[in-house]
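Asker: Next comes the structure file input-v3.pdb, holding PDB, C-alpha atoms and all ligand atoms.
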ATOM      1  CA  MET H 153      44.270  63.279  47.973
ATOM      2  CA  SER H 154      44.270  66.792  46.508
ATOM      3  CA  GLY H 155      43.477  67.320  42.846
ATOM      4  CA  PHE H 156      47.048  68.468  42.189
ATOM      5  CA  ILE H 157      48.671  65.373  43.710
ATOM      6  CA  ASN H 158      46.200  63.146  41.902
ATOM      7  CA  ASN H 159      47.160  64.880  38.677
ATOM      8  CA  VAL H 160      50.889  64.421  39.321
ATOM      9  CA  LEU H 161      50.534  60.739  40.222
ATOM     10  CA  PHE H 162      48.000  59.653  37.601
ATOM     11  CA  GLY H 163      48.397  62.320  34.929
ATOM     12  CA  TRP H 164      52.149  63.022  34.740
ATOM     13  CA  TYR H 165      53.846  60.037  36.371
ATOM     14  CA  PRO H 166      52.481  57.589  33.733
ATOM     15  CA  TYR H 167      54.318  59.523  30.994
ATOM     16  CA  LEU H 168      57.576  59.524  32.943
ATOM     17  CA  CYS H 169      57.281  55.753  33.384
ATOM     18  CA  LEU H 170      56.343  55.078  29.758
ATOM     19  CA  THR H 171      59.178  57.265  28.458
ATOM     20  CA  VAL H 172      61.819  55.570  30.628
ATOM     21  CA  PHE H 173      60.319  52.170  29.732
ATOM     22  CA  LEU H 174      60.596  52.739  25.967
ATOM     23  CA  PHE H 175      63.808  54.775  25.708
ATOM     24  CA  GLY H 176      65.536  52.893  28.518
ATOM     25  CA  SER H 177      64.828  49.570  26.788
ATOM     26  CA  LEU H 178      66.087  50.945  23.489
ATOM     27  CA  VAL H 179      69.317  52.258  25.008
ATOM     28  CA  ARG H 180      69.978  49.048  26.926
ATOM     29  CA  PHE H 181      69.407  46.975  23.789
ATOM     30  CA  ASP H 182      71.727  49.238  21.838
ATOM     31  CA  ARG H 183      74.553  49.525  24.362
ATOM     32  CA  GLU H 184      74.475  46.414  26.529
ATOM     33  CA  GLN H 185      73.295  43.481  24.512
ATOM     34  CA  TYR H 186      75.294  41.007  26.609
ATOM     35  CA  THR H 187      73.115  41.901  29.585
ATOM     36  CA  TRP H 188      69.875  41.561  27.585
ATOM     37  CA  LYS H 189      68.729  38.378  29.290
ATOM     38  CA  SER H 190      67.151  36.823  32.309
ATOM     39  CA  GLY H 191      70.298  35.314  33.887
ATOM     40  CA  SER H 192      69.707  31.588  34.378
ATOM     41  CA  SER H 193      70.115  29.816  37.709
ATOM     42  CA  GLN H 194      68.834  26.546  36.276
ATOM     43  CA  LEU H 195      71.851  24.565  37.456
ATOM     44  CA  LEU H 196      70.750  25.048  41.046
ATOM     45  CA  ARG H 197      67.544  23.635  42.574
ATOM     46  CA  ARG H 198      66.080  22.785  39.217
ATOM     47  CA  ARG H 199      62.826  21.171  40.490
ATOM     48  CA  GLN H 200      61.689  24.157  42.504
ATOM     49  CA  LEU H 201      62.604  26.414  39.604
ATOM     50  CA  ARG H 202      60.528  24.360  37.168
ATOM     51  CA  TRP H 203      57.376  24.445  39.298
ATOM     52  CA  GLY H 204      57.821  28.030  40.439
ATOM     53  CA  SER H 205      58.690  29.372  37.011
ATOM     54  CA  ASN H 206      55.876  27.534  35.219
ATOM     55  CA  LEU H 207      53.215  28.646  37.704
ATOM     56  CA  PHE H 208      54.561  32.200  37.681
ATOM     57  CA  HIS H 209      54.694  32.488  33.897
ATOM     58  CA  PHE H 210      51.314  30.811  33.368
ATOM     59  CA  GLY H 211      49.722  33.271  35.808
ATOM     60  CA  ILE H 212      51.486  36.416  34.713
ATOM     61  CA  LEU H 213      50.864  35.832  31.009
ATOM     62  CA  LEU H 214      47.132  35.389  31.663
ATOM     63  CA  ILE H 215      47.103  38.508  33.858
ATOM     64  CA  PHE H 216      49.011  40.459  31.220
ATOM     65  CA  GLY H 217      46.564  39.403  28.485
ATOM     66  CA  GLY H 218      43.582  40.144  30.736
ATOM     67  CA  HIS H 219      44.885  43.594  31.706
ATOM     68  CA  PHE H 220      45.780  44.436  28.111
ATOM     69  CA  VAL H 221      42.417  43.463  26.638
ATOM     70  CA  GLY H 222      40.402  44.551  29.684
ATOM     71  CA  LEU H 223      41.928  48.007  30.035
ATOM     72  CA  LEU H 224      42.735  48.935  26.464
ATOM     73  CA  THR H 225      39.793  47.645  24.398
ATOM     74  CA  PRO H 226      37.561  50.630  23.611
ATOM     75  CA  ILE H 227      34.324  50.483  25.608
ATOM     76  CA  TRP H 228      32.182  50.684  22.469
ATOM     77  CA  VAL H 229      33.673  47.352  21.302
ATOM     78  CA  PHE H 230      32.318  45.592  24.421
ATOM     79  CA  ASP H 231      28.974  47.369  23.931
ATOM     80  CA  MET H 232      28.855  46.339  20.267
ATOM     81  CA  LEU H 233      29.553  42.706  21.195
ATOM     82  CA  GLY H 234      26.826  42.836  23.842
ATOM     83  CA  ILE H 235      29.285  42.156  26.703
ATOM     84  CA  SER H 236      27.935  43.941  29.780
ATOM     85  CA  HIS H 237      30.236  45.725  32.209
ATOM     86  CA  GLY H 238      29.000  43.458  34.981
ATOM     87  CA  PHE H 239      29.900  40.325  33.018
ATOM     88  CA  LYS H 240      33.331  41.727  32.194
ATOM     89  CA  GLN H 241      33.891  42.538  35.863
ATOM     90  CA  GLY H 242      32.945  38.979  36.854
ATOM     91  CA  LEU H 243      35.272  37.538  34.229
ATOM     92  CA  ALA H 244      38.168  39.744  35.391
ATOM     93  CA  ILE H 245      37.648  38.607  38.958
ATOM     94  CA  ALA H 246      37.320  34.899  38.120
ATOM     95  CA  VAL H 247      40.083  34.536  35.528
ATOM     96  CA  GLY H 248      42.339  37.247  36.998
ATOM     97  CA  GLY H 249      41.840  35.821  40.482
ATOM     98  CA  LEU H 250      42.767  32.252  39.490
ATOM     99  CA  ALA H 251      45.731  33.417  37.427
ATOM    100  CA  GLY H 252      46.748  35.698  40.292
ATOM    101  CA  ILE H 253      46.736  32.825  42.799
ATOM    102  CA  ALA H 254      48.792  30.591  40.468
ATOM    103  CA  CYS H 255      51.223  33.441  39.923
ATOM    104  CA  PHE H 256      51.384  34.169  43.653
ATOM    105  CA  ILE H 257      52.294  30.569  44.516
ATOM    106  CA  GLY H 258      54.863  30.505  41.693
ATOM    107  CA  ILE H 259      56.500  33.732  42.741
ATOM    108  CA  ALA H 260      56.591  32.590  46.388
ATOM    109  CA  MET H 261      58.531  29.482  45.270
ATOM    110  CA  LEU H 262      60.883  31.575  43.150
ATOM    111  CA  ALA H 263      61.470  34.073  45.960
ATOM    112  CA  HIS H 264      62.063  31.297  48.515
ATOM    113  CA  ARG H 265      64.594  29.661  46.226
ATOM    114  CA  ARG H 266      66.383  32.897  45.447
ATOM    115  CA  LEU H 267      66.461  34.234  49.003
ATOM    116  CA  PHE H 268      67.149  31.104  51.026
ATOM    117  CA  ASP H 269      69.492  29.040  48.865
ATOM    118  CA  PRO H 270      72.904  30.561  49.661
ATOM    119  CA  ARG H 271      74.358  29.717  46.242
ATOM    120  CA  ILE H 272      71.462  31.273  44.310
ATOM    121  CA  ARG H 273      71.451  34.255  46.651
ATOM    122  CA  ALA H 274      75.152  34.759  45.983
ATOM    123  CA  THR H 275      74.629  34.790  42.213
ATOM    124  CA  SER H 276      71.602  37.154  42.352
ATOM    125  CA  SER H 277      71.951  40.855  41.740
ATOM    126  CA  PHE H 278      70.094  43.490  43.761
ATOM    127  CA  GLY H 279      67.830  43.972  40.727
ATOM    128  CA  ASP H 280      66.965  40.233  40.511
ATOM    129  CA  ILE H 281      65.711  40.212  44.091
ATOM    130  CA  ALA H 282      64.089  43.654  43.989
ATOM    131  CA  ILE H 283      61.983  42.958  40.888
ATOM    132  CA  LEU H 284      60.789  39.646  42.311
ATOM    133  CA  LEU H 285      59.642  41.341  45.508
ATOM    134  CA  LEU H 286      58.046  44.249  43.590
ATOM    135  CA  LEU H 287      56.028  41.826  41.486
ATOM    136  CA  TRP H 288      55.051  39.933  44.591
ATOM    137  CA  VAL H 289      53.705  43.060  46.322
ATOM    138  CA  GLN H 290      51.956  44.085  43.089
ATOM    139  CA  LEU H 291      50.261  40.703  42.943
ATOM    140  CA  ALA H 292      49.170  40.952  46.568
ATOM    141  CA  LEU H 293      47.711  44.416  45.868
ATOM    142  CA  GLY H 294      46.007  43.168  42.679
ATOM    143  CA  LEU H 295      44.446  40.239  44.544
ATOM    144  CA  SER H 296      43.294  42.586  47.337
ATOM    145  CA  THR H 297      41.430  44.736  44.789
ATOM    146  CA  ILE H 298      39.128  41.760  44.237
ATOM    147  CA  PHE H 299      37.571  42.264  47.678
ATOM    148  CA  VAL H 300      36.741  45.863  46.758
ATOM    149  CA  SER H 301      35.510  44.885  43.281
ATOM    150  CA  LEU H 302      33.113  42.332  44.799
ATOM    151  CA  GLY H 303      31.305  45.322  46.321
ATOM    152  CA  HIS H 304      30.423  46.803  42.893
ATOM    153  CA  MET H 305      29.690  43.964  40.548
ATOM    154  CA  ASP H 306      27.895  46.202  38.025
ATOM    155  CA  GLY H 307      31.329  47.042  36.587
ATOM    156  CA  HIS H 308      31.065  50.832  36.777
ATOM    157  CA  GLU H 309      34.364  51.108  38.664
ATOM    158  CA  MET H 310      36.154  49.114  35.961
ATOM    159  CA  VAL H 311      34.968  51.670  33.361
ATOM    160  CA  LYS H 312      36.886  54.376  35.241
ATOM    161  CA  PHE H 313      40.131  52.398  34.879
ATOM    162  CA  MET H 314      39.476  51.774  31.197
ATOM    163  CA  ASN H 315      38.830  55.491  30.586
ATOM    164  CA  TRP H 316      41.959  56.389  32.541
ATOM    165  CA  ALA H 317      44.278  53.910  30.758
ATOM    166  CA  GLN H 318      42.897  54.750  27.301
ATOM    167  CA  GLY H 319      42.956  58.485  28.112
ATOM    168  CA  ILE H 320      46.643  58.297  29.055
ATOM    169  CA  LEU H 321      47.596  56.358  25.929
ATOM    170  CA  THR H 322      45.669  58.729  23.650
ATOM    171  CA  LEU H 323      47.269  61.770  25.340
ATOM    172  CA  GLN H 324      44.024  63.183  26.745
ATOM    173  CA  PRO H 325      44.649  65.936  29.263
ATOM    174  CA  GLY H 326      42.625  65.412  32.407
ATOM    175  CA  ALA H 327      42.650  61.583  32.240
ATOM    176  CA  ALA H 328      43.767  61.506  35.897
ATOM    177  CA  ALA H 329      40.332  62.733  36.985
ATOM    178  CA  TYR H 330      38.787  59.348  36.094
ATOM    179  CA  VAL H 331      40.589  57.659  39.005
ATOM    180  CA  ALA H 332      40.430  60.538  41.502
ATOM    181  CA  ASP H 333      37.867  58.869  43.762
ATOM    182  CA  VAL H 334      38.721  55.144  43.505
ATOM    183  CA  ALA H 335      39.683  53.097  46.587
ATOM    184  CA  LEU H 336      43.219  53.470  47.940
ATOM    185  CA  VAL H 337      44.170  49.870  47.180
ATOM    186  CA  PHE H 338      43.463  50.512  43.476
ATOM    187  CA  LYS H 339      45.603  53.646  43.561
ATOM    188  CA  ALA H 340      48.471  51.744  45.175
ATOM    189  CA  HIS H 341      48.117  49.008  42.541
ATOM    190  CA  LEU H 342      48.155  51.510  39.667
ATOM    191  CA  LEU H 343      51.163  53.368  41.103
ATOM    192  CA  LEU H 344      53.233  50.249  41.652
ATOM    193  CA  GLY H 345      52.191  48.970  38.206
ATOM    194  CA  MET H 346      53.552  52.157  36.627
ATOM    195  CA  THR H 347      56.704  51.907  38.742
ATOM    196  CA  ILE H 348      57.322  48.430  37.332
ATOM    197  CA  PHE H 349      57.328  50.026  33.869
ATOM    198  CA  LEU H 350      59.781  52.629  35.209
ATOM    199  CA  VAL H 351      62.349  50.116  36.484
ATOM    200  CA  PHE H 352      61.763  47.619  33.664
ATOM    201  CA  PRO H 353      64.813  48.561  31.518
ATOM    202  CA  PHE H 354      67.172  48.149  34.504
ATOM    203  CA  THR H 355      66.041  44.621  35.376
ATOM    204  CA  ARG H 356      65.929  41.096  33.966
ATOM    205  CA  LEU H 357      62.383  41.887  32.762
ATOM    206  CA  VAL H 358      63.880  43.117  29.469
ATOM    207  CA  HIS H 359      63.777  39.499  28.292
ATOM    208  CA  ILE H 360      60.024  40.017  27.746
ATOM    209  CA  TRP H 361      60.824  42.060  24.618
ATOM    210  CA  SER H 362      62.536  38.989  23.185
ATOM    211  CA  ALA H 363      59.645  36.557  23.696
ATOM    212  CA  PRO H 364      59.682  34.544  20.457
ATOM    213  CA  ILE H 365      55.999  35.067  19.662
ATOM    214  CA  TRP H 366      56.632  35.074  15.918
ATOM    215  CA  TYR H 367      57.285  31.316  16.205
ATOM    216  CA  LEU H 368      53.505  30.985  16.563
ATOM    217  CA  GLY H 369      53.001  32.188  12.990
ATOM    218  CA  ARG H 370      55.741  30.022  11.449
ATOM    219  CA  PRO H 371      54.942  27.130   9.097
ATOM    220  CA  GLY H 372      54.761  23.829  10.938
ATOM    221  CA  TYR H 373      58.147  22.277  10.280
ATOM    222  CA  GLN H 374      61.196  21.673  12.328
ATOM    223  CA  VAL H 375      64.725  20.700  11.466
ATOM    224  CA  VAL H 376      65.540  17.248  12.814
ATOM    225  CA  ARG H 377      69.070  15.863  12.840
ATOM    226  CA  THR H 378      69.120  12.200  13.703
ATOM    227  CA  ARG H 379      71.956  10.820  15.787
ATOM    228  CA  PHE H 380      72.962   8.648  12.853
ATOM    229  CA  ALA H 381      73.365  11.636  10.517
ATOM    230  CA  ASP H 382      75.289  13.442  13.228
ATOM    231  CA  ARG H 383      77.723  10.552  13.751
ATOM    232  CA  HIS H 384      78.171  10.176  10.008
ATOM    233  CA  ALA H 385      78.952  13.871   9.580
ATOM    234  CA  ARG H 386      81.384  13.817  12.481
ATOM    235  CA  SER H 387      83.269  10.763  11.272
ATOM    236  CA  ALA H 388      83.566  12.347   7.816
ATOM    237  CA  ALA H 389      84.986  15.533   9.305
ATOM    238  CA  PHE H 390      87.309  13.821  11.817
ATOM    239  CA  PRO H 391      88.125  10.320  10.481
ATOM    240  CA  SER H 392      89.328   8.007  13.224
ATOM    241  CA  SER H 393      91.757   5.987  11.052
ATOM    242  CA  PRO H 394      93.414   6.102   7.606
ATOM    243  CA  THR H 395      90.834   3.590   6.329
ATOM    244  CA  ALA H 396      87.973   5.788   7.589
ATOM    245  CA  ALA H 397      89.620   8.792   5.926
ATOM    246  CA  LYS H 398      89.838   6.930   2.588
ATOM    247  CA  ARG H 399      86.203   5.858   2.916
ATOM    248  CA  ALA H 400      85.134   9.452   3.644
ATOM    249  CA  LEU H 401      87.097  10.731   0.627
ATOM    250  CA  ALA H 402      85.593   8.097  -1.652
ATOM    251  CA  ASP H 403      82.160   8.967  -0.300
ATOM    252  CA  ALA H 404      82.696  12.663  -0.967
ATOM    253  CA  ALA H 405      83.990  11.974  -4.511
ATOM    254  CA  ARG H 406      80.978   9.754  -5.238
ATOM    255  CA  LYS H 407      78.589  12.441  -4.026
ATOM    256  CA  GLY H 408      80.454  15.183  -5.926
ATOM    257  CA  GLY H 409      80.318  13.163  -9.159
ATOM    258  CA  ARG H 410      76.588  12.650  -8.873
TER     259      ARG H 410
HETATM  260  C1  LIG H 501      50.435  49.573  35.003
HETATM  261  C2  LIG H 501      50.187  48.313  35.286
HETATM  262  C3  LIG H 501      48.882  47.823  35.875
HETATM  263  C4  LIG H 501      47.641  48.411  35.897
HETATM  264  C5  LIG H 501      47.227  49.761  35.312
HETATM  265  C6  LIG H 501      46.737  47.501  36.576
HETATM  266  C7  LIG H 501      45.388  47.724  36.784
HETATM  267  C8  LIG H 501      44.518  46.849  37.421
HETATM  268  C9  LIG H 501      43.121  47.101  37.654
HETATM  269  C10 LIG H 501      42.377  48.359  37.244
HETATM  270  C11 LIG H 501      42.606  46.013  38.290
HETATM  271  C12 LIG H 501      41.176  45.810  38.754
HETATM  272  C13 LIG H 501      40.296  45.202  37.731
HETATM  273  C14 LIG H 501      38.896  45.057  38.301
HETATM  274  O1  LIG H 501      38.106  46.018  38.178
HETATM  275  O2  LIG H 501      38.610  44.021  38.883
HETATM  276  C15 LIG H 501      43.676  45.065  38.459
HETATM  277  C16 LIG H 501      43.537  43.827  39.048
HETATM  278  C17 LIG H 501      44.563  42.928  39.214
HETATM  279  N1  LIG H 501      45.891  43.112  38.846
HETATM  280 FE1  LIG H 501      46.658  44.752  37.930
HETATM  281  N2  LIG H 501      47.437  46.383  36.961
HETATM  282  C18 LIG H 501      48.747  46.544  36.545
HETATM  283  C19 LIG H 501      49.791  45.652  36.699
HETATM  284  C20 LIG H 501      49.667  44.414  37.300
HETATM  285  C21 LIG H 501      50.752  43.467  37.463
HETATM  286  C22 LIG H 501      52.204  43.677  36.961
HETATM  287  C23 LIG H 501      50.218  42.374  38.089
HETATM  288  C24 LIG H 501      50.900  41.105  38.499
HETATM  289  C25 LIG H 501      52.093  41.057  39.003
HETATM  290  C26 LIG H 501      48.812  42.635  38.345
HETATM  291  C27 LIG H 501      47.948  41.765  38.972
HETATM  292  C28 LIG H 501      46.598  41.975  39.179
HETATM  293  C29 LIG H 501      45.687  41.012  39.757
HETATM  294  C30 LIG H 501      46.051  39.606  40.231
HETATM  295  C31 LIG H 501      44.421  41.609  39.786
HETATM  296  C32 LIG H 501      43.109  40.991  40.331
HETATM  297  C33 LIG H 501      42.419  40.120  39.310
HETATM  298  C34 LIG H 501      41.887  40.903  38.128
HETATM  299  O3  LIG H 501      40.962  41.706  38.316
HETATM  300  O4  LIG H 501      42.437  40.722  37.030
HETATM  301  N3  LIG H 501      48.516  43.876  37.850
HETATM  302  N4  LIG H 501      44.828  45.598  37.946
END
Go through the file and emit its structure as structure tokens.
Ligand code: HEM

Answerer:
Amino acid sequence: MSGFINNVLFGWYPYLCLTVFLFGSLVRFDREQYTWKSGSSQLLRRRQLRWGSNLFHFGILLIFGGHFVGLLTPIWVFDMLGISHGFKQGLAIAVGGLAGIACFIGIAMLAHRRLFDPRIRATSSFGDIAILLLLWVQLALGLSTIFVSLGHMDGHEMVKFMNWAQGILTLQPGAAAYVADVALVFKAHLLLGMTIFLVFPFTRLVHIWSAPIWYLGRPGYQVVRTRFADRHARSAAFPSSPTAAKRALADAARKGGR
């Protein structure tokens, strides 16, 4: 791959993808809030959905966390904590590999359900199917990188990806050079990964922005309405007989006088 093409693909393309990702999401949120969702097909083939969706989400969330921390933590932080590049590489392979397999099985179940159940197929948009298949190929590429990574367990190759990702996000010109000589399967994985950012605003993936993570920091209480309280409130609002109406009025007067 010539230096120019490498620069276009890994130096310019990331900015195109990130710009469309951010501005596209903003515009869709602003203009088309009714489509800001992951359309549910829960009514159909619920069991396969539950298994597939849980495995997929468990795997992808772990992979997302691993990629985020692994690629974007400054290298000096790992050095300061005494975490060697080799250890980090091993961890990425073990945890990323297991999460990747779980995610792969989950996505296979989701794709099977969506493609081969005629009713789900009929209610799926082109985007629903396309993004599922894109993620599937991306997973297969990610898992294939493991075989290459096993050949350099000292972690030096991983450092190139960290320098590249951090160089792009900190607007360093020339960041593309870090990945100029990595194996083709890595390049394909990086390119498809960026493309997923590019198409993100046009797919059901936008629901990721609305993940209710702030619930984690909320105080530990929940509002509980018992069935009894519910029935009581309903019979007060819609009394079933004149006697019930009188009782509800007397009740209300008693409470108001208190
Ligand atoms: C722009 C987005 C992405 C980038 C830059 C990226 C980058 C990487 C890199 C550099 C590795 C190799 C790590 C190593 O040295 O072992 C890797 C591995 C992997 N990636 Fe990605 N990736 C992206 C998106 C994704 C997505 C969306 C998925 C899942 C659908 C995914 C799944 C995997 C898996 C399963 C592995 C192998 C296990 C591991 O090392 O964590 N990646 N990715």

Asker: At a cut-off of 8 Å and counting all atoms listed in the file, what residues surround ligand LIG 501 (chain H)? Please answer as a VMD selection string.

Answerer: chain H and resid 212 215 to 216 218 to 219 223 241 to 242 244 to 253 255 287 to 298 301 307 309 to 310 313 to 314 317 338 341 to 349

Asker: Using Å and a single decimal, report how far CA of Leu174 in chain H sits from CA of Val351 in chain H.

Answerer: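 Straight-line distance from CA of Val351 in chain H to CA of Leu174 in chain H works out to 11.0 Å.
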
Asker: Tell me, as JSON, numbers by chain, which residues lie within 6 Å of range 187-198 of chain H, counting all atoms listed in the file; anything in the same chain fewer than 2 positions away does not count.

Answerer: {"H": [184, 185, 200, 201, 356, 359]}

Asker: Could you please determine the separation between CA of Trp316 in chain H and CA of Gly163 in chain H in Å, to one decimal place?

Answerer: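 These two atoms are separated by 9.1 Å.
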
Asker: Report, in Å to a single decimal, how far apart CA of Gly369 in chain H and CA of Val179 in chain H are.

Answerer: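 If I compute the distance from CA of Val179 in chain H to CA of Gly369 in chain H, I get 28.5 Å.
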
Asker: Report, as lines of an AutoDock Vina configuration file, the centre and edge lengths in Å (one decimal) of the axis-aligned box enclosing every listed atom of range 161-166 of chain H, padded by 6 Å on each side.

Answerer:
center_x = 50.9
center_y = 60.3
center_z = 37.0
size_x = 17.8
size_y = 17.4
size_z = 18.5

Asker: At a cut-off of 8 Å, using only C-alpha atoms, what residues contact Asn158 in chain H? Leave out same-chain residues fewer than 4 positions from it and give the result as a PyMOL selection string.

Answerer: chain H and resi 153-154+162-163+328-329+332

Asker: Can you save range 189-257 of chain H of the given block to a file, including C-alpha atoms and formatted as a PDB file, in the first residue's frame?

Answerer:
ATOM      1  CA  LYS H 189     -34.704   3.854  18.657  1.00  0.00           C
ATOM      2  CA  SER H 190     -33.814   0.269  18.037  1.00  0.00           C
ATOM      3  CA  GLY H 191     -37.165  -0.913  16.607  1.00  0.00           C
ATOM      4  CA  SER H 192     -38.365  -3.863  18.689  1.00  0.00           C
ATOM      5  CA  SER H 193     -39.297  -7.235  17.217  1.00  0.00           C
ATOM      6  CA  GLN H 194     -39.830  -8.738  20.658  1.00  0.00           C
ATOM      7  CA  LEU H 195     -43.320  -9.988  19.840  1.00  0.00           C
ATOM      8  CA  LEU H 196     -41.842 -12.503  17.426  1.00  0.00           C
ATOM      9  CA  ARG H 197     -39.573 -15.420  18.402  1.00  0.00           C
ATOM     10  CA  ARG H 198     -38.954 -14.049  21.847  1.00  0.00           C
ATOM     11  CA  ARG H 199     -36.757 -16.932  23.141  1.00  0.00           C
ATOM     12  CA  GLN H 200     -34.191 -16.718  20.379  1.00  0.00           C
ATOM     13  CA  LEU H 201     -34.159 -12.949  20.753  1.00  0.00           C
ATOM     14  CA  ARG H 202     -33.498 -13.186  24.490  1.00  0.00           C
ATOM     15  CA  TRP H 203     -30.521 -15.530  24.132  1.00  0.00           C
ATOM     16  CA  GLY H 204     -29.130 -13.857  21.031  1.00  0.00           C
ATOM     17  CA  SER H 205     -29.531 -10.330  22.338  1.00  0.00           C
ATOM     18  CA  ASN H 206     -28.069 -11.089  25.773  1.00  0.00           C
ATOM     19  CA  LEU H 207     -25.011 -12.869  24.367  1.00  0.00           C
ATOM     20  CA  PHE H 208     -24.517 -10.142  21.766  1.00  0.00           C
ATOM     21  CA  HIS H 209     -24.797  -7.267  24.232  1.00  0.00           C
ATOM     22  CA  PHE H 210     -22.662  -8.967  26.890  1.00  0.00           C
ATOM     23  CA  GLY H 211     -19.910  -9.526  24.310  1.00  0.00           C
ATOM     24  CA  ILE H 212     -20.062  -6.196  22.553  1.00  0.00           C
ATOM     25  CA  LEU H 213     -20.084  -4.165  25.766  1.00  0.00           C
ATOM     26  CA  LEU H 214     -16.964  -5.988  26.989  1.00  0.00           C
ATOM     27  CA  ILE H 215     -15.293  -5.494  23.596  1.00  0.00           C
ATOM     28  CA  PHE H 216     -16.256  -1.823  23.586  1.00  0.00           C
ATOM     29  CA  GLY H 217     -14.822  -1.305  27.088  1.00  0.00           C
ATOM     30  CA  GLY H 218     -11.676  -3.255  26.189  1.00  0.00           C
ATOM     31  CA  HIS H 219     -11.116  -1.304  22.962  1.00  0.00           C
ATOM     32  CA  PHE H 220     -11.787   2.020  24.674  1.00  0.00           C
ATOM     33  CA  VAL H 221      -9.410   1.446  27.580  1.00  0.00           C
ATOM     34  CA  GLY H 222      -6.887  -0.556  25.543  1.00  0.00           C
ATOM     35  CA  LEU H 223      -6.568   1.897  22.666  1.00  0.00           C
ATOM     36  CA  LEU H 224      -7.120   5.236  24.344  1.00  0.00           C
ATOM     37  CA  THR H 225      -5.309   4.990  27.697  1.00  0.00           C
ATOM     38  CA  PRO H 226      -2.003   6.848  27.342  1.00  0.00           C
ATOM     39  CA  ILE H 227       0.928   4.421  27.249  1.00  0.00           C
ATOM     40  CA  TRP H 228       2.656   6.131  30.176  1.00  0.00           C
ATOM     41  CA  VAL H 229      -0.318   5.200  32.406  1.00  0.00           C
ATOM     42  CA  PHE H 230       0.288   1.477  31.751  1.00  0.00           C
ATOM     43  CA  ASP H 231       4.023   2.016  32.325  1.00  0.00           C
ATOM     44  CA  MET H 232       3.352   3.873  35.580  1.00  0.00           C
ATOM     45  CA  LEU H 233       1.098   1.051  36.805  1.00  0.00           C
ATOM     46  CA  GLY H 234       3.763  -1.503  35.890  1.00  0.00           C
ATOM     47  CA  ILE H 235       1.509  -3.241  33.322  1.00  0.00           C
ATOM     48  CA  SER H 236       3.780  -4.617  30.597  1.00  0.00           C
ATOM     49  CA  HIS H 237       2.793  -4.487  26.938  1.00  0.00           C
ATOM     50  CA  GLY H 238       3.027  -8.265  26.783  1.00  0.00           C
ATOM     51  CA  PHE H 239       0.603  -8.679  29.688  1.00  0.00           C
ATOM     52  CA  LYS H 240      -1.812  -6.197  28.133  1.00  0.00           C
ATOM     53  CA  GLN H 241      -1.631  -8.073  24.834  1.00  0.00           C
ATOM     54  CA  GLY H 242      -2.402 -11.365  26.598  1.00  0.00           C
ATOM     55  CA  LEU H 243      -5.334  -9.799  28.425  1.00  0.00           C
ATOM     56  CA  ALA H 244      -6.744  -8.336  25.189  1.00  0.00           C
ATOM     57  CA  ILE H 245      -6.541 -11.725  23.528  1.00  0.00           C
ATOM     58  CA  ALA H 246      -8.070 -13.657  26.442  1.00  0.00           C
ATOM     59  CA  VAL H 247     -10.872 -11.283  27.442  1.00  0.00           C
ATOM     60  CA  GLY H 248     -11.457  -9.889  23.933  1.00  0.00           C
ATOM     61  CA  GLY H 249     -11.417 -13.403  22.493  1.00  0.00           C
ATOM     62  CA  LEU H 250     -13.994 -14.775  24.956  1.00  0.00           C
ATOM     63  CA  ALA H 251     -16.209 -11.715  24.598  1.00  0.00           C
ATOM     64  CA  GLY H 252     -15.799 -11.935  20.826  1.00  0.00           C
ATOM     65  CA  ILE H 253     -16.947 -15.572  20.751  1.00  0.00           C
ATOM     66  CA  ALA H 254     -19.991 -14.807  22.943  1.00  0.00           C
ATOM     67  CA  CYS H 255     -20.823 -11.863  20.715  1.00  0.00           C
ATOM     68  CA  PHE H 256     -20.327 -13.950  17.575  1.00  0.00           C
ATOM     69  CA  ILE H 257     -22.756 -16.645  18.745  1.00  0.00           C
TER      70      ILE H 257
END
